[in-house]
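Asks: Have a look at this one before I ask anything.
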Amino acid sequence: MLGSVGGFTVKMAASSSAGRALTLCKQFQNVLRISTAVNAQHCAANVTRYQNHVYRGTSPLIAPSWCSSPLSSAGQCRALHTTVSVRGLEEFFDLPENWGESRVKSGAPWTAKHLRTKSNEDLHKLWYVLLKEKNMLLTLEQEARRQRVQMPSPERLRKVERSIIRLETVVTERETALRLLQTGQEKARPGDWRRNIFGHVFWYRFKEYACPWYMNKRYKRKRFYTPNFVQPHLRLRIEKYLRERAKKANLEKKTQAKLREKFPQMKISSS
Amino acid sequence: MRLTTLLAIAARVVVPKDYRYGTNRPRKVFVEPLASHEWSVLRGDTVEILAGKDKGKQGKVIQVFRHRNWVILEGLNTHHRYIGATGDYRGTYIATEAPLLLRDITLIDPTDRKPTEVEWKFTEEGERVRVSVRTGRILPKPVVERRDGIVPEQWKDGPKDTSPEDTLDKTYVPSLKTLEEEVMEKMGIEEPRRHKKSYWY
């Protein structure tokens, strides 16, 4: 979607202007310095940050490292978190009654079947709950390593990781279904079949860039064709592959014959 | 030297000359092929031995090696060996079970405690069970303790566990919105910014 950049891009203010305007000149991908005094008036509508090139939820936010405080460039003024539990840094640690225990009881991980019955909002909340739990367990693991003792109940970490993976699967499933319905595209990320210099045809996944390919020096150095001197090797490679396949089939036949000889009463062999 | 050769040398297990192999001796063996869905002996089953030193005895299955059609019974088909020998001390003399092939084992009908052949059949509910050919009784699946010692019937939820009602609560309403759109609606987030043109290649 073409962004008609209306009221958002602000011309680069000279350093004299009060520290609110963060601009990014899209063309040159250069970030201008953040003015020192970033005061509390972040919510001014003039503030922009690096435009999010979002393609249906795939490319991660190209987070500029220079962007210091999380509130500085948010276009909206909101509280940092909306959770019920606001224990702050204590969330990195377990409940106090579990401190010093050698084994902590934990239940079964979430299954994909159960996660599919939950609404998107619930999944969103659960994701952050799981993330915080994972952070807590990782902190615990690192501390145990530092103190050279065993981490109590390491299977909790594996359970949380599995739950997170399953949640991700469920969300991608829903997204794929919607995308197939609305656009007919199977893949979220665009790509193409390309040939590399070794003669292999592979699925090349596209990356997101700010400038077109004919202006991208690094991209132009990539070669998506097979040079002529590689041509003879392709045939040799095919021959090698066929030879290996024939040898495997032969070996398979020989083992089957040997098995039939050793175990005459066996049924039709499997595998 | 080739890289593959170097890696192969590094991966080869170096073993002292008088090392006593257990059930994991690396050798090529021919195993009678049995389809994995036809496997009838499960851990915890009671089986009877048909051949060997302890012929005719019944025992519980402790361990199953599917790749070699082996079954280890508790306390049967044992031999003795020394374990933990150091220096002058010759070690403790203990009994160890040797594995038995599937050919030398039969399952036992739980009702009359006699050996029988077993087939896999479906019940009326659609459950796949083992049925004894001779009597027609169903062999129940043996109850084995979980490795973490949890008994599902006696489980009590902890403070961080979700209760069964909450887990089974169905809150999903299918809609034509992505997760991001739905969540933004619910949280009242408005995204007035628009994408700039980007190039994918």
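Labeling convention for the structure tokens: chains A, B, ... as they appear, residues from 1 per chain, ligands from 1 in order of appearance.
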Identify all chain B residues at most 6 Å from chain A by counting only C-alpha atoms; ligands do not count. Present them as a VMD selection string.

Replies: chain B and resid 33 35 170 to 172 179 183 194 to 201

Asks: DSSP says helix (DSSP H, G or I) for which residues of range 28-188 of chain B? Put them as a list of chain:residue names?

Replies: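 DSSP-assigned helix (DSSP H, G or I) residues in range 28-188 of chain B: B:Ser36, B:His37, B:Glu38, B:Arg66, B:His67, B:Arg68, B:Leu102, B:Arg103, B:Asp104, B:Pro152, B:Glu153, B:Gln154, B:Pro164, B:Glu165, B:Asp166, B:Thr167, B:Leu168, B:Leu179, B:Glu180, B:Glu181, B:Glu182, B:Val183, B:Met184, B:Glu185, B:Lys186, B:Met187.
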
Asks: Using only C-alpha atoms, which residues sit within 9 Å of range 90-94 of chain B once same-chain residues fewer than 6 positions away are excluded, as an MDAnalysis selection string?

Replies: chainID B and resid 79:84

Asks: So the first atom is CA of Glu117 in chain B and the second is CA of Thr135 in chain B; what is the distance between them in Å, to one decimal place?

Replies: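 For CA of Glu117 in chain B relative to CA of Thr135 in chain B, the distance reads 9.7 Å.
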
Asks: Do a neighbour search on Trp99 in chain A at 12 Å with only C-alpha atoms, toss out local chain neighbours closer than 6 positions, and write the hits as a list in words.

Replies: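 After dropping sequence-adjacent residues, the list is Phe93, Leu140, Ala144, Met151 and Pro152 of chain A.
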
Asks: Work out how far apart CA of Gly188 in chain B and CA of Thr83 in chain A are and give it in Å to one decimal.

Replies: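 Value for the CA of Gly188 in chain B-CA of Thr83 in chain A distance: 15.0 Å.
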
Asks: Out of range 130-247 of chain A, which residues get strand (DSSP E) from DSSP, as a count of residues only?

Replies: 12

Asks: As an exercise, work out the distance from CA of Gly88 in chain A to CA of Gln142 in chain A in Å and give it to one decimal place.

Replies: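 Here the two named atoms are 19.7 Å from each other.
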
Asks: Which residues, written as a list in words, have at least one atom at most 12 Å from Arg12 in chain B, with only C-alpha atoms counted and residues fewer than 6 positions away on the same chain left out?

Replies: Thr5, Leu6 and Pro26 of chain B

Asks: Just to be explicit: take each residue in the selection above, keep N, CA, C and O atoms, and write the result as a PDB file, in the first residue's frame.

Replies:
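Okay, result.pdb is ready:
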ATOM      1  N   THR B   5      36.835 -38.065   6.283  1.00  0.00           N
ATOM      2  CA  THR B   5      37.620 -39.097   6.977  1.00  0.00           C
ATOM      3  C   THR B   5      37.907 -38.658   8.400  1.00  0.00           C
ATOM      4  O   THR B   5      37.766 -39.434   9.346  1.00  0.00           O
ATOM      5  N   LEU B   6      38.267 -37.393   8.526  1.00  0.00           N
ATOM      6  CA  LEU B   6      38.598 -36.866   9.850  1.00  0.00           C
ATOM      7  C   LEU B   6      37.400 -36.951  10.786  1.00  0.00           C
ATOM      8  O   LEU B   6      37.516 -37.403  11.934  1.00  0.00           O
ATOM      9  N   PRO B  26      27.699 -52.947  18.663  1.00  0.00           N
ATOM     10  CA  PRO B  26      27.476 -52.526  17.279  1.00  0.00           C
ATOM     11  C   PRO B  26      27.809 -53.659  16.323  1.00  0.00           C
ATOM     12  O   PRO B  26      28.953 -53.979  16.094  1.00  0.00           O
TER      13      PRO B  26
END

Asks: Any idea what's packed within 7 Å of Thr106 in chain B, counting only C-alpha atoms, ignoring anything in its chain fewer than 4 positions away? Could you give it as JSON, numbers by chain?

Replies: {"B": [47, 48, 49, 115, 116, 117]}
